[in-house]
>>> print(open('structure.txt').read())   # compact mmCIF, C-alpha atoms (C1' of nucleotides) and all ligand atoms
# COMPACT_ATOMS: atom_id res chain seq x y z
CA MET A 65 0.00 0.00 0.00
CA LYS A 66 0.93 3.61 -0.55
CA ILE A 67 2.32 5.68 2.25
CA ALA A 68 0.91 9.20 2.14
CA ARG A 69 3.12 12.23 2.67
CA ASN A 70 2.37 15.64 4.11
CA THR A 71 3.50 18.01 1.44
CA THR A 72 3.39 21.78 1.71
CA ALA A 73 0.71 21.98 -0.96
CA LYS A 74 -1.52 19.44 0.74
CA THR A 75 -1.08 21.20 4.07
CA ALA A 76 -2.00 24.54 2.49
CA VAL A 77 -5.14 23.08 0.92
CA LEU A 78 -6.20 21.56 4.23
CA GLU A 79 -5.74 24.91 5.96
CA ILE A 80 -7.89 26.57 3.31
CA PHE A 81 -10.64 24.03 3.93
CA GLU A 82 -10.34 24.59 7.66
CA LYS A 83 -10.88 28.33 7.32
CA SER A 84 -13.70 28.20 4.80
CA LYS A 85 -17.31 28.13 5.88
CA THR A 86 -18.49 27.19 2.40
CA ALA A 87 -17.57 24.50 -0.08
CA LEU A 88 -14.82 25.42 -2.53
CA SER A 89 -14.20 24.74 -6.20
CA HIS A 90 -10.89 23.66 -7.66
CA ALA A 91 -10.39 27.12 -9.16
CA GLU A 92 -11.16 28.86 -5.87
CA ILE A 93 -8.71 26.66 -4.01
CA HIS A 94 -6.01 27.20 -6.58
CA LYS A 95 -6.48 30.96 -6.36
CA LEU A 96 -6.37 30.87 -2.57
CA THR A 97 -3.02 29.06 -2.63
CA GLU A 98 -1.62 31.98 -4.64
CA ASP A 99 0.26 29.80 -7.10
CA LEU A 100 1.96 27.77 -4.43
CA CYS A 101 1.67 24.87 -6.86
CA ASP A 102 0.46 23.85 -10.28
CA ARG A 103 -3.27 23.48 -10.86
CA VAL A 104 -2.76 19.81 -11.71
CA THR A 105 -1.37 19.32 -8.24
CA ILE A 106 -4.56 20.75 -6.76
CA TYR A 107 -6.57 18.22 -8.75
CA ARG A 108 -4.39 15.41 -7.49
CA ILE A 109 -4.53 16.60 -3.89
CA LEU A 110 -8.32 16.81 -4.07
CA ASP A 111 -8.48 13.31 -5.52
CA ARG A 112 -6.43 11.97 -2.66
CA LEU A 113 -8.42 13.83 0.00
CA VAL A 114 -11.69 12.53 -1.43
CA ASN A 115 -10.29 9.01 -1.56
CA ASP A 116 -9.16 9.27 2.06
CA ASP A 117 -12.60 10.59 3.06
CA VAL A 118 -11.07 13.80 4.36
CA VAL A 119 -13.15 15.97 2.05
CA HIS A 120 -16.23 15.18 0.01
CA LYS A 121 -17.30 16.23 -3.43
CA ILE A 122 -20.49 18.13 -4.17
CA VAL A 123 -21.92 18.41 -7.67
CA ASN A 124 -24.60 20.92 -8.50
CA LEU A 125 -27.17 20.91 -11.29
CA ASP A 126 -25.46 23.90 -12.90
CA GLY A 127 -22.37 21.76 -13.37
CA THR A 128 -20.19 23.33 -10.69
CA VAL A 129 -18.13 20.96 -8.60
CA LYS A 130 -17.16 21.88 -5.06
CA TYR A 131 -15.40 20.27 -2.17
CA ALA A 132 -15.87 20.52 1.58
CA LYS A 133 -14.27 19.06 4.66
CA CYS A 134 -15.91 16.06 6.22
CA HIS A 135 -17.17 16.86 9.70
CA HIS A 136 -17.49 13.34 10.95
CA ASN A 137 -16.29 12.04 14.27
CA ALA A 138 -13.89 9.62 12.66
CA GLN A 139 -11.69 9.53 9.59
CA ARG A 140 -13.06 6.23 8.46
CA VAL A 141 -14.98 5.40 5.30
CA HIS A 142 -18.50 6.75 5.32
CA ILE A 143 -21.34 7.92 3.10
CA HIS A 144 -22.04 11.63 2.98
CA ASN A 145 -25.74 11.41 3.41
CA HIS A 146 -26.43 15.04 4.17
CA ALA A 147 -27.85 17.76 1.99
CA HIS A 148 -25.99 20.60 0.32
CA PHE A 149 -27.42 23.93 -0.61
CA SER A 150 -26.36 25.79 -3.71
CA CYS A 151 -27.54 29.40 -3.86
CA GLU A 152 -28.49 30.57 -7.33
CA LYS A 153 -27.74 34.17 -6.42
CA CYS A 154 -24.53 34.30 -4.36
CA LEU A 155 -23.39 30.95 -5.83
CA GLU A 156 -22.21 29.73 -2.46
CA VAL A 157 -22.47 26.05 -1.65
CA THR A 158 -22.82 25.01 1.96
CA CYS A 159 -23.12 21.72 3.78
CA LEU A 160 -26.38 21.23 5.63
CA GLU A 161 -25.00 18.59 7.94
CA ASN A 162 -28.28 18.32 9.81
CA VAL A 163 -30.46 17.84 6.77
CA LYS A 164 -30.34 14.12 6.14
CA PRO A 165 -32.57 12.67 3.47
CA SER A 166 -34.45 9.51 4.28
CA TYR A 167 -35.48 7.27 1.44
CA ILE A 168 -36.37 3.70 0.67
CA ILE A 169 -34.49 2.06 -2.14
CA PRO A 170 -35.10 -1.51 -3.38
CA HIS A 171 -32.72 -3.98 -1.76
CA ASN A 172 -31.23 -5.06 -5.09
CA TYR A 173 -29.34 -1.79 -5.38
CA LYS A 174 -26.00 -1.30 -3.67
CA VAL A 175 -25.44 2.33 -2.76
CA ASN A 176 -21.85 3.47 -2.39
CA ASP A 177 -22.21 7.22 -2.65
CA ILE A 178 -24.81 9.95 -2.49
CA ASN A 179 -25.10 13.36 -4.06
CA PHE A 180 -27.98 15.34 -2.61
CA THR A 181 -27.90 18.99 -3.59
CA LEU A 182 -30.71 21.49 -3.26
CA SER A 183 -30.53 24.73 -5.19
CA GLY A 184 -32.43 27.96 -4.75
CA LEU A 185 -32.00 30.95 -2.48
CA CYS A 186 -29.96 30.85 0.71
CA PRO A 187 -31.17 32.67 3.87
CA ASN A 188 -28.96 35.68 3.14
CA CYS A 189 -30.12 36.15 -0.42
CA LEU A 190 -33.73 35.34 0.39
CA ASN A 191 -33.64 38.08 3.01
CA SER A 192 -32.08 40.72 0.77
CA ASN A 193 -34.65 39.90 -1.88
CA ILE A 194 -37.59 41.35 0.02
CA MET B 1356 -42.99 35.58 -25.33
CA LYS B 1357 -41.26 33.15 -27.64
CA ILE B 1358 -43.28 30.78 -29.79
CA ALA B 1359 -41.63 27.37 -29.88
CA ARG B 1360 -41.32 25.41 -33.11
CA ASN B 1361 -41.22 21.70 -33.78
CA THR B 1362 -38.06 21.22 -35.77
CA THR B 1363 -36.89 17.91 -37.17
CA ALA B 1364 -33.95 17.85 -34.76
CA LYS B 1365 -36.13 18.46 -31.71
CA THR B 1366 -38.58 15.79 -32.86
CA ALA B 1367 -35.74 13.30 -33.33
CA VAL B 1368 -34.38 14.01 -29.85
CA LEU B 1369 -37.79 13.55 -28.30
CA GLU B 1370 -38.20 10.22 -30.07
CA ILE B 1371 -34.82 9.12 -28.74
CA PHE B 1372 -35.91 9.98 -25.20
CA GLU B 1373 -39.16 8.11 -25.72
CA LYS B 1374 -37.38 4.94 -26.73
CA SER B 1375 -34.67 5.04 -24.07
CA LYS B 1376 -35.13 3.32 -20.74
CA THR B 1377 -32.13 5.09 -19.24
CA ALA B 1378 -31.01 8.69 -18.98
CA LEU B 1379 -28.85 9.92 -21.85
CA SER B 1380 -25.85 12.19 -22.10
CA HIS B 1381 -25.43 14.91 -24.69
CA ALA B 1382 -22.83 12.82 -26.50
CA GLU B 1383 -25.06 9.75 -26.54
CA ILE B 1384 -27.98 11.72 -27.94
CA HIS B 1385 -25.82 13.30 -30.60
CA LYS B 1386 -24.53 9.91 -31.67
CA LEU B 1387 -28.05 8.47 -31.78
CA THR B 1388 -29.19 11.24 -34.13
CA GLU B 1389 -26.45 10.12 -36.53
CA ASP B 1390 -25.32 13.62 -37.38
CA LEU B 1391 -28.78 14.86 -38.16
CA CYS B 1392 -27.64 18.18 -36.73
CA ASP B 1393 -24.71 19.98 -35.17
CA ARG B 1394 -23.75 19.16 -31.59
CA VAL B 1395 -24.43 22.76 -30.58
CA THR B 1396 -28.01 22.25 -31.71
CA ILE B 1397 -28.32 19.29 -29.36
CA TYR B 1398 -27.15 21.50 -26.51
CA ARG B 1399 -29.72 24.13 -27.39
CA ILE B 1400 -32.53 21.60 -27.78
CA LEU B 1401 -31.70 20.12 -24.37
CA ASP B 1402 -31.66 23.58 -22.83
CA ARG B 1403 -35.11 24.27 -24.18
CA LEU B 1404 -36.51 20.92 -23.14
CA VAL B 1405 -35.19 21.39 -19.60
CA ASN B 1406 -36.62 24.91 -19.50
CA ASP B 1407 -39.99 23.65 -20.66
CA ASP B 1408 -39.88 20.87 -18.05
CA VAL B 1409 -40.10 18.21 -20.74
CA VAL B 1410 -36.84 16.59 -19.65
CA HIS B 1411 -34.80 16.93 -16.50
CA LYS B 1412 -31.10 17.07 -15.89
CA ILE B 1413 -29.22 14.59 -13.72
CA VAL B 1414 -25.71 15.22 -12.45
CA ASN B 1415 -23.60 12.47 -11.00
CA LEU B 1416 -20.65 12.62 -8.62
CA ASP B 1417 -18.32 11.43 -11.36
CA GLY B 1418 -19.18 14.58 -13.31
CA THR B 1419 -21.37 12.99 -15.97
CA VAL B 1420 -24.47 14.89 -16.96
CA LYS B 1421 -27.50 13.05 -18.27
CA TYR B 1422 -31.04 13.87 -19.26
CA ALA B 1423 -34.29 11.96 -18.96
CA LYS B 1424 -37.90 12.51 -19.91
CA CYS B 1425 -40.20 13.78 -17.23
CA HIS B 1426 -42.87 11.23 -16.43
CA HIS B 1427 -45.33 13.54 -14.76
CA ASN B 1428 -49.02 13.72 -15.37
CA ALA B 1429 -48.80 17.27 -16.63
CA GLN B 1430 -46.34 19.40 -18.58
CA ARG B 1431 -46.33 22.14 -15.98
CA VAL B 1432 -43.51 23.39 -13.81
CA HIS B 1433 -42.47 20.94 -11.13
CA ILE B 1434 -39.57 19.85 -8.98
CA HIS B 1435 -37.95 16.52 -9.78
CA ASN B 1436 -37.83 15.19 -6.29
CA HIS B 1437 -37.08 11.60 -7.11
CA ALA B 1438 -33.85 9.68 -6.89
CA HIS B 1439 -31.55 8.67 -9.70
CA PHE B 1440 -29.23 5.75 -9.73
CA SER B 1441 -25.87 5.82 -11.41
CA CYS B 1442 -24.20 2.44 -11.77
CA GLU B 1443 -20.44 2.50 -11.33
CA LYS B 1444 -20.03 -0.60 -13.49
CA CYS B 1445 -22.36 -0.33 -16.50
CA LEU B 1446 -22.44 3.47 -16.17
CA GLU B 1447 -26.18 3.58 -16.80
CA VAL B 1448 -28.25 6.21 -15.09
CA THR B 1449 -31.90 5.51 -14.40
CA CYS B 1450 -34.74 7.40 -12.81
CA LEU B 1451 -36.11 5.86 -9.66
CA GLU B 1452 -39.44 7.64 -9.89
CA ASN B 1453 -40.75 5.90 -6.81
CA VAL B 1454 -37.80 6.72 -4.58
CA LYS B 1455 -38.60 10.16 -3.17
CA PRO B 1456 -36.35 11.55 -0.48
CA SER B 1457 -37.99 13.14 2.51
CA TYR B 1458 -36.07 15.79 4.38
CA ILE B 1459 -36.60 18.76 6.63
CA ILE B 1460 -34.91 21.96 5.58
CA PRO B 1461 -35.03 25.22 7.60
CA HIS B 1462 -37.81 27.54 6.42
CA ASN B 1463 -35.40 30.32 5.51
CA TYR B 1464 -34.18 28.43 2.47
CA LYS B 1465 -36.09 28.58 -0.81
CA VAL B 1466 -35.64 25.38 -2.81
CA ASN B 1467 -36.11 25.62 -6.56
CA ASP B 1468 -34.42 22.47 -7.73
CA ILE B 1469 -33.15 19.15 -6.46
CA ASN B 1470 -30.42 16.80 -7.55
CA PHE B 1471 -30.53 13.50 -5.72
CA THR B 1472 -28.29 10.89 -7.26
CA LEU B 1473 -27.22 7.62 -5.71
CA SER B 1474 -24.29 5.75 -7.14
CA GLY B 1475 -23.18 2.17 -6.71
CA LEU B 1476 -24.19 -1.09 -8.34
CA CYS B 1477 -27.48 -1.53 -10.20
CA PRO B 1478 -29.49 -4.78 -9.85
CA ASN B 1479 -28.05 -6.17 -13.08
CA CYS B 1480 -24.43 -5.54 -12.18
CA LEU B 1481 -24.92 -6.56 -8.56
CA ASN B 1482 -26.30 -9.86 -9.78
CA SER B 1483 -23.52 -10.60 -12.24
CA ASN B 1484 -21.00 -9.83 -9.51
CA ILE B 1485 -21.75 -12.92 -7.48
C1' DT C 1295 23.07 11.44 4.98
C1' DA C 1296 21.51 7.90 1.58
C1' DT C 1297 17.48 5.86 -0.19
C1' DC C 1298 13.19 5.49 -2.78
C1' DA C 1299 8.66 6.00 -3.79
C1' DA C 1300 5.22 9.68 -3.24
C1' DA C 1301 4.26 13.87 -5.02
C1' DT C 1302 5.07 17.62 -8.23
C1' DG C 1303 5.71 20.58 -12.67
C1' DC C 1304 5.04 20.96 -17.21
C1' DA C 1305 3.29 20.19 -21.57
C1' DA C 1306 0.04 18.24 -24.24
C1' DC C 1307 -4.39 16.61 -24.80
C1' DA C 1308 -9.60 15.44 -24.37
C1' DT C 1309 -14.10 16.59 -23.13
C1' DT C 1310 -17.73 19.53 -22.32
C1' DG C 1311 -20.13 23.53 -22.80
C1' DT C 1312 -20.71 28.58 -24.56
C1' DT C 1313 -21.10 32.59 -27.75
C1' DG C 1314 -21.57 35.44 -31.97
C1' DC C 1315 -23.32 35.83 -36.33
C1' DG C 1316 -24.98 34.92 -40.83
C1' DT C 1317 -28.31 31.48 -42.84
C1' DT C 1318 -32.14 28.36 -42.90
C1' DT C 1319 -36.71 26.95 -41.74
C1' DG C 1320 -41.25 26.30 -39.43
C1' DA C 1321 -45.62 28.44 -38.36
C1' DT C 1322 -48.78 31.94 -39.44
C1' DA C 1323 -51.27 35.25 -42.11
C1' DT C 1324 -52.32 36.89 -46.59
C1' DA D 1172 -49.56 28.85 -52.83
C1' DT D 1173 -46.64 32.55 -51.25
C1' DA D 1174 -44.74 36.19 -48.24
C1' DT D 1175 -43.29 37.11 -43.75
C1' DC D 1176 -40.41 36.91 -39.67
C1' DA D 1177 -38.55 35.23 -35.68
C1' DA D 1178 -37.17 30.69 -33.93
C1' DA D 1179 -33.86 27.57 -34.70
C1' DC D 1180 -29.71 26.19 -36.94
C1' DG D 1181 -24.58 25.61 -38.69
C1' DC D 1182 -20.15 26.91 -38.18
C1' DA D 1183 -16.20 28.64 -36.17
C1' DA D 1184 -13.98 30.19 -32.39
C1' DC D 1185 -13.43 30.15 -27.66
C1' DA D 1186 -13.38 29.01 -22.47
C1' DA D 1187 -13.47 26.01 -18.63
C1' DT D 1188 -12.51 21.80 -16.66
C1' DG D 1189 -10.24 17.70 -16.09
C1' DT D 1190 -6.66 13.94 -17.55
C1' DT D 1191 -2.23 11.69 -18.76
C1' DG D 1192 2.80 10.75 -19.43
C1' DC D 1193 7.18 11.54 -17.96
C1' DA D 1194 11.16 13.68 -16.04
C1' DT D 1195 12.25 15.94 -11.61
C1' DT D 1196 11.75 17.08 -6.83
C1' DT D 1197 10.82 16.09 -2.11
C1' DG D 1198 9.24 13.95 2.30
C1' DA D 1199 9.72 10.10 5.42
C1' DT D 1200 12.49 6.39 6.89
C1' DA D 1201 16.47 3.78 7.78
MN MN A 1501 -21.20 18.30 2.90
MN MN A 1502 -35.52 11.35 -13.23
ZN ZN A 1503 -27.07 33.19 -1.51
ZN ZN A 1504 -25.01 -1.49 -13.75
>>> encode(input="structure.txt", output="structure tokens", more="lines below")
Ligand SMILES: [Mn+2]
Ligand SMILES: [Mn+2]
Ligand SMILES: [Zn+2]
Ligand SMILES: [Zn+2]
Amino acid sequence: MKIARNTTAKTAVLEIFEKSKTALSHAEIHKLTEDLCDRVTIYRILDRLVNDDVVHKIVNLDGTVKYAKCHHNAQRVHIHNHAHFSCEKCLEVTCLENVKPSYIIPHNYKVNDINFTLSGLCPNCLNSNI
Amino acid sequence: MKIARNTTAKTAVLEIFEKSKTALSHAEIHKLTEDLCDRVTIYRILDRLVNDDVVHKIVNLDGTVKYAKCHHNAQRVHIHNHAHFSCEKCLEVTCLENVKPSYIIPHNYKVNDINFTLSGLCPNCLNSNI
DNA sequence: TATCAAATGCAACATTGTTGCGTTTGATAT
DNA sequence: ATATCAAACGCAACAATGTTGCATTTGATA
């Protein structure tokens, strides 16, 4: 098996996730690192973090892909069965850790991953819309 | 307001949707039309069909985007609050019209659209895996 | 400090989706 | 049947996003 290493780029990306209250896109992360590394490296770091269940991927109907830190008690493998909200106005994507969808799926399906994203207006933008 | 027209390309795309049991990607649809029209036209037709709530868009965690016909009683505006299943092996995406997630979201969010996609192994692939 | 694979940089490429603009075409009225 | 006119189209050009191969660098360990 592979032995992971703590590189400066990976550490920087993790710090960025730690500080951010919203989910981040590849481009946003790359910009926030201020050219610390190549954009390909960011892709590869994100791949590894998703594989290690340190961050999770969020895909929205508009095609945007974002990433957010996993706020689970353990670093073990798990399914991210919580909702995400994508605001059509401010374009921010946030984890709604407490909104967990319940559903009944036939037993002959094996579910490995979930993408549950709601889009519309977030509380901020809904408020300023009045 | 715009007055829609029934072009040969749009008719062909609708027939393709009618015949297909699974959701289709832009590339798949374009191939099935056998170069009846430009690929940009397919994009524009899909945009219109989604806008008119004739088909709905499905986005998977692996980044693939697919479209499927809406099987609702009416052609009016509605939210597609049913699950979709994306098989990691055969790569087929199907609508699970009967699997509707229930969830409780704070009242200060306004939800306009939903993307609920489960990925894993479909019944066929799960079966042939034994 | 030597070792060695993990991780990176760079270039090149593929895929997907968008935009502008001149041309074609489908529906409607004449 | 024909004229009309905007909806829809074709084409080219572009942008964004993500992937791959390979030589080089770097982090952890001995
Ligand atoms: Mn989340
Ligand atoms: Mn569906
Ligand atoms: Zn907002
Ligand atoms: Zn399958």
>>> interface_residues(input="structure.txt", of="chain C", to="chain A", cutoff="10 Å", atoms="all atoms listed in the file", output="NGL selection string")
:C and (1299-1304 or 1311)
>>> closest_residue(input="structure.txt", among="B:Lys1455, B:Lys1412, B:His1439, B:Arg1403", to="chain D", atoms="all atoms listed in the file")
B:Arg1403
>>> residues_near_ligand(input="structure.txt", ligand="ligand ZN 1503 (chain A)", cutoff="6 Å", atoms="only C-alpha atoms (C1' of nucleotides) and all ligand atoms", output="PyMOL selection string")
chain A and resi 151+153-154+185-186+188-189
>>> residues_around(input="structure.txt", residues="Pro1478 in chain B", least_positions_apart="2", cutoff="9 Å", atoms="only C-alpha atoms (C1' of nucleotides)", output="list of chain:residue names")
A:His171, A:Asn172, A:Tyr173, A:Lys174, B:Leu1476, B:Cys1480, B:Leu1481, B:Asn1482, B:Ser1483
>>> atom_distance(input="structure.txt", atom1="CA of Glu156 in chain A", atom2="CA of Ile1469 in chain B")
15.7 Å
>>> atom_distance(input="structure.txt", atom1="CA of Asn1467 in chain B", atom2="CA of Val1414 in chain B")
15.8 Å
>>> residues_around(input="structure.txt", residues="Thr1366 in chain B", least_positions_apart="6", cutoff="12 Å", atoms="only C-alpha atoms (C1' of nucleotides)", output="list in words")
Arg1360, Phe1372, Glu1373, Thr1388, Leu1391, Cys1392, Ile1397, Ile1400, Leu1401 and Leu1404 of chain B
>>> calpha_fit_and_write(input="structure.txt", fixed="chain B", moving="chain A", output="short mmCIF file (atom, residue, chain, number, x, y, z; two decimals) with C-alpha atoms, in the frame of the given file")
data_model
loop_
_atom_site.label_atom_id
_atom_site.label_comp_id
_atom_site.auth_asym_id
_atom_site.auth_seq_id
_atom_site.Cartn_x
_atom_site.Cartn_y
_atom_site.Cartn_z
CA MET A 65 -42.98 35.61 -25.30
CA LYS A 66 -41.26 33.15 -27.59
CA ILE A 67 -43.26 30.80 -29.72
CA ALA A 68 -41.62 27.38 -29.83
CA ARG A 69 -41.31 25.45 -33.07
CA ASN A 70 -41.23 21.74 -33.77
CA THR A 71 -38.07 21.26 -35.72
CA THR A 72 -36.89 17.95 -37.13
CA ALA A 73 -33.96 17.88 -34.73
CA LYS A 74 -36.13 18.49 -31.69
CA THR A 75 -38.58 15.83 -32.83
CA ALA A 76 -35.74 13.34 -33.30
CA VAL A 77 -34.37 14.03 -29.83
CA LEU A 78 -37.80 13.57 -28.28
CA GLU A 79 -38.20 10.24 -30.06
CA ILE A 80 -34.82 9.13 -28.73
CA PHE A 81 -35.92 9.99 -25.20
CA GLU A 82 -39.17 8.12 -25.73
CA LYS A 83 -37.37 4.93 -26.73
CA SER A 84 -34.68 5.02 -24.07
CA LYS A 85 -35.14 3.30 -20.74
CA THR A 86 -32.13 5.06 -19.25
CA ALA A 87 -31.02 8.66 -18.99
CA LEU A 88 -28.85 9.90 -21.86
CA SER A 89 -25.85 12.18 -22.11
CA HIS A 90 -25.43 14.90 -24.70
CA ALA A 91 -22.83 12.80 -26.53
CA GLU A 92 -25.07 9.73 -26.55
CA ILE A 93 -27.97 11.72 -27.94
CA HIS A 94 -25.84 13.31 -30.60
CA LYS A 95 -24.55 9.90 -31.68
CA LEU A 96 -28.07 8.48 -31.78
CA THR A 97 -29.21 11.25 -34.12
CA GLU A 98 -26.49 10.14 -36.55
CA ASP A 99 -25.35 13.66 -37.38
CA LEU A 100 -28.81 14.90 -38.15
CA CYS A 101 -27.63 18.21 -36.70
CA ASP A 102 -24.70 20.00 -35.15
CA ARG A 103 -23.74 19.16 -31.58
CA VAL A 104 -24.42 22.77 -30.57
CA THR A 105 -27.99 22.28 -31.68
CA ILE A 106 -28.31 19.31 -29.35
CA TYR A 107 -27.13 21.49 -26.47
CA ARG A 108 -29.68 24.13 -27.36
CA ILE A 109 -32.50 21.63 -27.74
CA LEU A 110 -31.67 20.12 -24.35
CA ASP A 111 -31.64 23.58 -22.79
CA ARG A 112 -35.07 24.30 -24.16
CA LEU A 113 -36.50 20.93 -23.11
CA VAL A 114 -35.17 21.39 -19.58
CA ASN A 115 -36.59 24.90 -19.45
CA ASP A 116 -39.98 23.64 -20.63
CA ASP A 117 -39.87 20.86 -18.02
CA VAL A 118 -40.09 18.21 -20.72
CA VAL A 119 -36.84 16.56 -19.65
CA HIS A 120 -34.80 16.91 -16.49
CA LYS A 121 -31.10 17.03 -15.90
CA ILE A 122 -29.22 14.56 -13.73
CA VAL A 123 -25.69 15.22 -12.49
CA ASN A 124 -23.58 12.47 -11.03
CA LEU A 125 -20.64 12.66 -8.64
CA ASP A 126 -18.31 11.44 -11.39
CA GLY A 127 -19.16 14.56 -13.36
CA THR A 128 -21.35 12.97 -16.01
CA VAL A 129 -24.47 14.86 -16.98
CA LYS A 130 -27.51 13.02 -18.27
CA TYR A 131 -31.03 13.85 -19.27
CA ALA A 132 -34.29 11.94 -18.98
CA LYS A 133 -37.90 12.51 -19.89
CA CYS A 134 -40.20 13.78 -17.20
CA HIS A 135 -42.88 11.23 -16.40
CA HIS A 136 -45.30 13.55 -14.71
CA ASN A 137 -49.01 13.74 -15.33
CA ALA A 138 -48.81 17.30 -16.54
CA GLN A 139 -46.37 19.43 -18.49
CA ARG A 140 -46.37 22.14 -15.91
CA VAL A 141 -43.50 23.41 -13.78
CA HIS A 142 -42.47 20.97 -11.10
CA ILE A 143 -39.56 19.84 -8.94
CA HIS A 144 -37.96 16.53 -9.78
CA ASN A 145 -37.86 15.17 -6.30
CA HIS A 146 -37.09 11.57 -7.13
CA ALA A 147 -33.86 9.66 -6.90
CA HIS A 148 -31.55 8.65 -9.72
CA PHE A 149 -29.23 5.71 -9.73
CA SER A 150 -25.86 5.80 -11.42
CA CYS A 151 -24.19 2.41 -11.78
CA GLU A 152 -20.44 2.49 -11.34
CA LYS A 153 -20.03 -0.62 -13.47
CA CYS A 154 -22.36 -0.37 -16.49
CA LEU A 155 -22.45 3.44 -16.18
CA GLU A 156 -26.17 3.54 -16.81
CA VAL A 157 -28.25 6.19 -15.11
CA THR A 158 -31.88 5.47 -14.41
CA CYS A 159 -34.74 7.37 -12.83
CA LEU A 160 -36.11 5.83 -9.67
CA GLU A 161 -39.42 7.61 -9.90
CA ASN A 162 -40.73 5.86 -6.81
CA VAL A 163 -37.80 6.69 -4.59
CA LYS A 164 -38.64 10.10 -3.20
CA PRO A 165 -36.40 11.57 -0.55
CA SER A 166 -38.03 13.19 2.43
CA TYR A 167 -36.12 15.83 4.30
CA ILE A 168 -36.62 18.80 6.55
CA ILE A 169 -34.95 22.01 5.51
CA PRO A 170 -35.07 25.27 7.51
CA HIS A 171 -37.84 27.56 6.30
CA ASN A 172 -35.43 30.36 5.40
CA TYR A 173 -34.23 28.44 2.36
CA LYS A 174 -36.12 28.57 -0.91
CA VAL A 175 -35.67 25.38 -2.89
CA ASN A 176 -36.14 25.60 -6.63
CA ASP A 177 -34.44 22.44 -7.80
CA ILE A 178 -33.16 19.13 -6.51
CA ASN A 179 -30.40 16.81 -7.59
CA PHE A 180 -30.54 13.50 -5.76
CA THR A 181 -28.29 10.87 -7.29
CA LEU A 182 -27.22 7.61 -5.71
CA SER A 183 -24.27 5.75 -7.15
CA GLY A 184 -23.17 2.17 -6.71
CA LEU A 185 -24.19 -1.09 -8.32
CA CYS A 186 -27.45 -1.55 -10.18
CA PRO A 187 -29.47 -4.80 -9.84
CA ASN A 188 -28.02 -6.20 -13.06
CA CYS A 189 -24.41 -5.58 -12.15
CA LEU A 190 -24.90 -6.57 -8.52
CA ASN A 191 -26.28 -9.89 -9.73
CA SER A 192 -23.48 -10.61 -12.19
CA ASN A 193 -20.97 -9.80 -9.48
CA ILE A 194 -21.71 -12.87 -7.38
#
